[in-house]
Amino acid sequence: MMNNGNEQAGWRQHIVSTPDVLSGKPRIDGTRIPVALVLGYLAAGSTYDEIIGEFPDLTRENIAACLDYARDLAEYQVV
C-alpha cells in the first residue's frame with residue numbers, strides 16, 4: 001500500500017544524519033536503516049507492510065517520511 005495522504009510525516013521528525021553513523025548518510029532516527037534502502041524497496045514495488053516485515057523497527061510513518069524527504073530533495077533548487 002502506498003502513502004494515501006493520511007500518513008503525512010514531517011520527515012525531520014523521523015530522519016537524521018550524523019557523521020558517526022553510516023558515514024552521515026540519512027537514516028531513520030533510532031536505527032541504522034538508511035533512507036536510500038527504504039526508497040529502494042519502494043522503487044522495487046514493495047508495500048509498506050512488506051518493508052515493515054523486513055525491518056520490524058520501522059513504522060508506516062518512517063516510510064512515509066522517506067518519501068517526503070525524497071520529494072523535498074527533488075524540489076530543491078540551487079539559486
# chains A, B, ... in the order shown; residues from 1 in each chain; ligands from 1

$ residues_around --residues "region 33-45 of chain A" --least-positions-apart "5" --cutoff "12 Å" --atoms "only C-alpha atoms" --output "PDB file with C-alpha atoms, in the first residue's frame"
ATOM      1  CA  MET A   1       0.000   0.000   0.000  1.00  0.00           C
ATOM      2  CA  MET A   2       1.359   3.377  -0.959  1.00  0.00           C
ATOM      3  CA  ASN A   3       1.094   6.588   1.030  1.00  0.00           C
ATOM      4  CA  TRP A  11      10.466  13.918   7.645  1.00  0.00           C
ATOM      5  CA  HIS A  14      11.968  10.744  11.530  1.00  0.00           C
ATOM      6  CA  ILE A  15      15.175  11.183   9.520  1.00  0.00           C
ATOM      7  CA  VAL A  16      18.584  12.143  10.887  1.00  0.00           C
ATOM      8  CA  SER A  17      22.124  12.353   9.600  1.00  0.00           C
ATOM      9  CA  THR A  18      25.105  12.216  11.920  1.00  0.00           C
ATOM     10  CA  VAL A  21      26.625   6.668  11.982  1.00  0.00           C
ATOM     11  CA  LEU A  22      26.580   5.310   8.406  1.00  0.00           C
ATOM     12  CA  SER A  23      29.145   7.944   7.415  1.00  0.00           C
ATOM     13  CA  GLY A  24      26.500  10.640   7.673  1.00  0.00           C
ATOM     14  CA  LYS A  25      24.018   9.058   5.256  1.00  0.00           C
ATOM     15  CA  PRO A  26      20.402   9.970   6.059  1.00  0.00           C
ATOM     16  CA  ARG A  27      18.794   7.244   8.163  1.00  0.00           C
ATOM     17  CA  ILE A  28      15.679   6.551  10.171  1.00  0.00           C
ATOM     18  CA  GLU A  50       6.426  -5.847   3.199  1.00  0.00           C
ATOM     19  CA  ILE A  51       9.083  -3.328   4.224  1.00  0.00           C
ATOM     20  CA  ILE A  52       7.962  -3.449   7.854  1.00  0.00           C
ATOM     21  CA  GLY A  53       8.105  -7.251   7.616  1.00  0.00           C
ATOM     22  CA  GLU A  54      11.773  -6.977   6.632  1.00  0.00           C
ATOM     23  CA  PHE A  55      12.533  -4.191   9.119  1.00  0.00           C
ATOM     24  CA  PRO A  56      10.196  -4.526  12.141  1.00  0.00           C
ATOM     25  CA  ASP A  57      11.710  -1.434  13.778  1.00  0.00           C
ATOM     26  CA  LEU A  58      10.163   0.740  11.048  1.00  0.00           C
ATOM     27  CA  THR A  59       6.726   2.290  11.196  1.00  0.00           C
ATOM     28  CA  ARG A  60       4.443   3.406   8.404  1.00  0.00           C
ATOM     29  CA  ASN A  62       9.004   6.280   8.969  1.00  0.00           C
ATOM     30  CA  ILE A  63       8.386   5.017   5.436  1.00  0.00           C
ATOM     31  CA  ALA A  64       6.160   7.986   4.574  1.00  0.00           C
ATOM     32  CA  ALA A  65       8.903  10.277   5.919  1.00  0.00           C
ATOM     33  CA  CYS A  66      11.379   8.722   3.454  1.00  0.00           C
ATOM     34  CA  LEU A  67       9.084   9.643   0.575  1.00  0.00           C
ATOM     35  CA  ASP A  68       8.598  13.139   1.981  1.00  0.00           C
ATOM     36  CA  TYR A  69      12.370  13.525   2.285  1.00  0.00           C
ATOM     37  CA  ALA A  70      12.899  12.378  -1.324  1.00  0.00           C
ATOM     38  CA  ARG A  71      10.233  14.804  -2.543  1.00  0.00           C
TER      39      ARG A  71
END

$ select_by_dssp --residues "chain A" --states "strand (DSSP E or B)" --output "list in words"
Ile15, Val16, Arg27, Ile28 and Pro34 of chain A

$ select_by_dssp --residues "chain A" --states "alpha helix (DSSP H)" --output "ChimeraX atom specification"
/A:35-43,48-54,60-75

$ atom_distance --atom1 "CA of Asp72 (chain A)" --atom2 "CA of Tyr48 (chain A)"
20.1 Å

$ closest_residue --among "A:Glu61, A:Arg32, A:Val79, A:Leu73" --to "Gln13 (chain A)" --atoms "only C-alpha atoms"
A:Glu61

$ decode --residues "chain A" --atoms "C-alpha atoms" --output "PDB file, in the first residue's frame"
ATOM      1  CA  MET A   1       0.000   0.000   0.000  1.00  0.00           C
ATOM      2  CA  MET A   2       1.359   3.377  -0.959  1.00  0.00           C
ATOM      3  CA  ASN A   3       1.094   6.588   1.030  1.00  0.00           C
ATOM      4  CA  ASN A   4      -2.563   7.583   0.924  1.00  0.00           C
ATOM      5  CA  GLY A   5      -2.195  11.084   2.305  1.00  0.00           C
ATOM      6  CA  ASN A   6      -3.321  10.102   5.803  1.00  0.00           C
ATOM      7  CA  GLU A   7       0.242   9.203   6.685  1.00  0.00           C
ATOM      8  CA  GLN A   8       1.782  12.627   6.194  1.00  0.00           C
ATOM      9  CA  ALA A   9       5.050  12.678   8.058  1.00  0.00           C
ATOM     10  CA  GLY A  10       7.270  15.635   8.701  1.00  0.00           C
ATOM     11  CA  TRP A  11      10.466  13.918   7.645  1.00  0.00           C
ATOM     12  CA  ARG A  12      12.571  15.954  10.040  1.00  0.00           C
ATOM     13  CA  GLN A  13      10.885  14.114  12.922  1.00  0.00           C
ATOM     14  CA  HIS A  14      11.968  10.744  11.530  1.00  0.00           C
ATOM     15  CA  ILE A  15      15.175  11.183   9.520  1.00  0.00           C
ATOM     16  CA  VAL A  16      18.584  12.143  10.887  1.00  0.00           C
ATOM     17  CA  SER A  17      22.124  12.353   9.600  1.00  0.00           C
ATOM     18  CA  THR A  18      25.105  12.216  11.920  1.00  0.00           C
ATOM     19  CA  PRO A  19      28.723  11.800  10.814  1.00  0.00           C
ATOM     20  CA  ASP A  20      29.393   8.975  13.273  1.00  0.00           C
ATOM     21  CA  VAL A  21      26.625   6.668  11.982  1.00  0.00           C
ATOM     22  CA  LEU A  22      26.580   5.310   8.406  1.00  0.00           C
ATOM     23  CA  SER A  23      29.145   7.944   7.415  1.00  0.00           C
ATOM     24  CA  GLY A  24      26.500  10.640   7.673  1.00  0.00           C
ATOM     25  CA  LYS A  25      24.018   9.058   5.256  1.00  0.00           C
ATOM     26  CA  PRO A  26      20.402   9.970   6.059  1.00  0.00           C
ATOM     27  CA  ARG A  27      18.794   7.244   8.163  1.00  0.00           C
ATOM     28  CA  ILE A  28      15.679   6.551  10.171  1.00  0.00           C
ATOM     29  CA  ASP A  29      16.150   8.045  13.640  1.00  0.00           C
ATOM     30  CA  GLY A  30      16.962   5.421  16.255  1.00  0.00           C
ATOM     31  CA  THR A  31      18.081   2.888  13.649  1.00  0.00           C
ATOM     32  CA  ARG A  32      20.887   2.189  11.228  1.00  0.00           C
ATOM     33  CA  ILE A  33      18.420   1.840   8.347  1.00  0.00           C
ATOM     34  CA  PRO A  34      19.350   4.266   5.557  1.00  0.00           C
ATOM     35  CA  VAL A  35      16.657   6.241   3.777  1.00  0.00           C
ATOM     36  CA  ALA A  36      18.080   5.076   0.439  1.00  0.00           C
ATOM     37  CA  LEU A  37      17.423   1.451   1.396  1.00  0.00           C
ATOM     38  CA  VAL A  38      13.769   2.155   2.168  1.00  0.00           C
ATOM     39  CA  LEU A  39      13.390   4.135  -1.064  1.00  0.00           C
ATOM     40  CA  GLY A  40      14.959   1.249  -2.965  1.00  0.00           C
ATOM     41  CA  TYR A  41      12.395  -1.168  -1.572  1.00  0.00           C
ATOM     42  CA  LEU A  42       9.586   1.215  -2.542  1.00  0.00           C
ATOM     43  CA  ALA A  43      11.040   1.674  -6.033  1.00  0.00           C
ATOM     44  CA  ALA A  44      11.125  -2.101  -6.429  1.00  0.00           C
ATOM     45  CA  GLY A  45       7.397  -2.236  -5.685  1.00  0.00           C
ATOM     46  CA  SER A  46       7.436  -3.336  -2.054  1.00  0.00           C
ATOM     47  CA  THR A  47       4.462  -2.323   0.057  1.00  0.00           C
ATOM     48  CA  TYR A  48       4.717  -0.630   3.433  1.00  0.00           C
ATOM     49  CA  ASP A  49       3.743  -3.907   5.088  1.00  0.00           C
ATOM     50  CA  GLU A  50       6.426  -5.847   3.199  1.00  0.00           C
ATOM     51  CA  ILE A  51       9.083  -3.328   4.224  1.00  0.00           C
ATOM     52  CA  ILE A  52       7.962  -3.449   7.854  1.00  0.00           C
ATOM     53  CA  GLY A  53       8.105  -7.251   7.616  1.00  0.00           C
ATOM     54  CA  GLU A  54      11.773  -6.977   6.632  1.00  0.00           C
ATOM     55  CA  PHE A  55      12.533  -4.191   9.119  1.00  0.00           C
ATOM     56  CA  PRO A  56      10.196  -4.526  12.141  1.00  0.00           C
ATOM     57  CA  ASP A  57      11.710  -1.434  13.778  1.00  0.00           C
ATOM     58  CA  LEU A  58      10.163   0.740  11.048  1.00  0.00           C
ATOM     59  CA  THR A  59       6.726   2.290  11.196  1.00  0.00           C
ATOM     60  CA  ARG A  60       4.443   3.406   8.404  1.00  0.00           C
ATOM     61  CA  GLU A  61       5.281   6.985   9.419  1.00  0.00           C
ATOM     62  CA  ASN A  62       9.004   6.280   8.969  1.00  0.00           C
ATOM     63  CA  ILE A  63       8.386   5.017   5.436  1.00  0.00           C
ATOM     64  CA  ALA A  64       6.160   7.986   4.574  1.00  0.00           C
ATOM     65  CA  ALA A  65       8.903  10.277   5.919  1.00  0.00           C
ATOM     66  CA  CYS A  66      11.379   8.722   3.454  1.00  0.00           C
ATOM     67  CA  LEU A  67       9.084   9.643   0.575  1.00  0.00           C
ATOM     68  CA  ASP A  68       8.598  13.139   1.981  1.00  0.00           C
ATOM     69  CA  TYR A  69      12.370  13.525   2.285  1.00  0.00           C
ATOM     70  CA  ALA A  70      12.899  12.378  -1.324  1.00  0.00           C
ATOM     71  CA  ARG A  71      10.233  14.804  -2.543  1.00  0.00           C
ATOM     72  CA  ASP A  72      11.917  17.692  -0.735  1.00  0.00           C
ATOM     73  CA  LEU A  73      15.255  16.762  -2.311  1.00  0.00           C
ATOM     74  CA  ALA A  74      13.669  16.586  -5.758  1.00  0.00           C
ATOM     75  CA  GLU A  75      12.181  20.061  -5.304  1.00  0.00           C
ATOM     76  CA  TYR A  76      15.443  21.580  -4.031  1.00  0.00           C
ATOM     77  CA  GLN A  77      16.686  24.443  -6.183  1.00  0.00           C
ATOM     78  CA  VAL A  78      20.152  25.931  -6.176  1.00  0.00           C
ATOM     79  CA  VAL A  79      19.973  29.686  -6.533  1.00  0.00           C
TER      80      VAL A  79
END
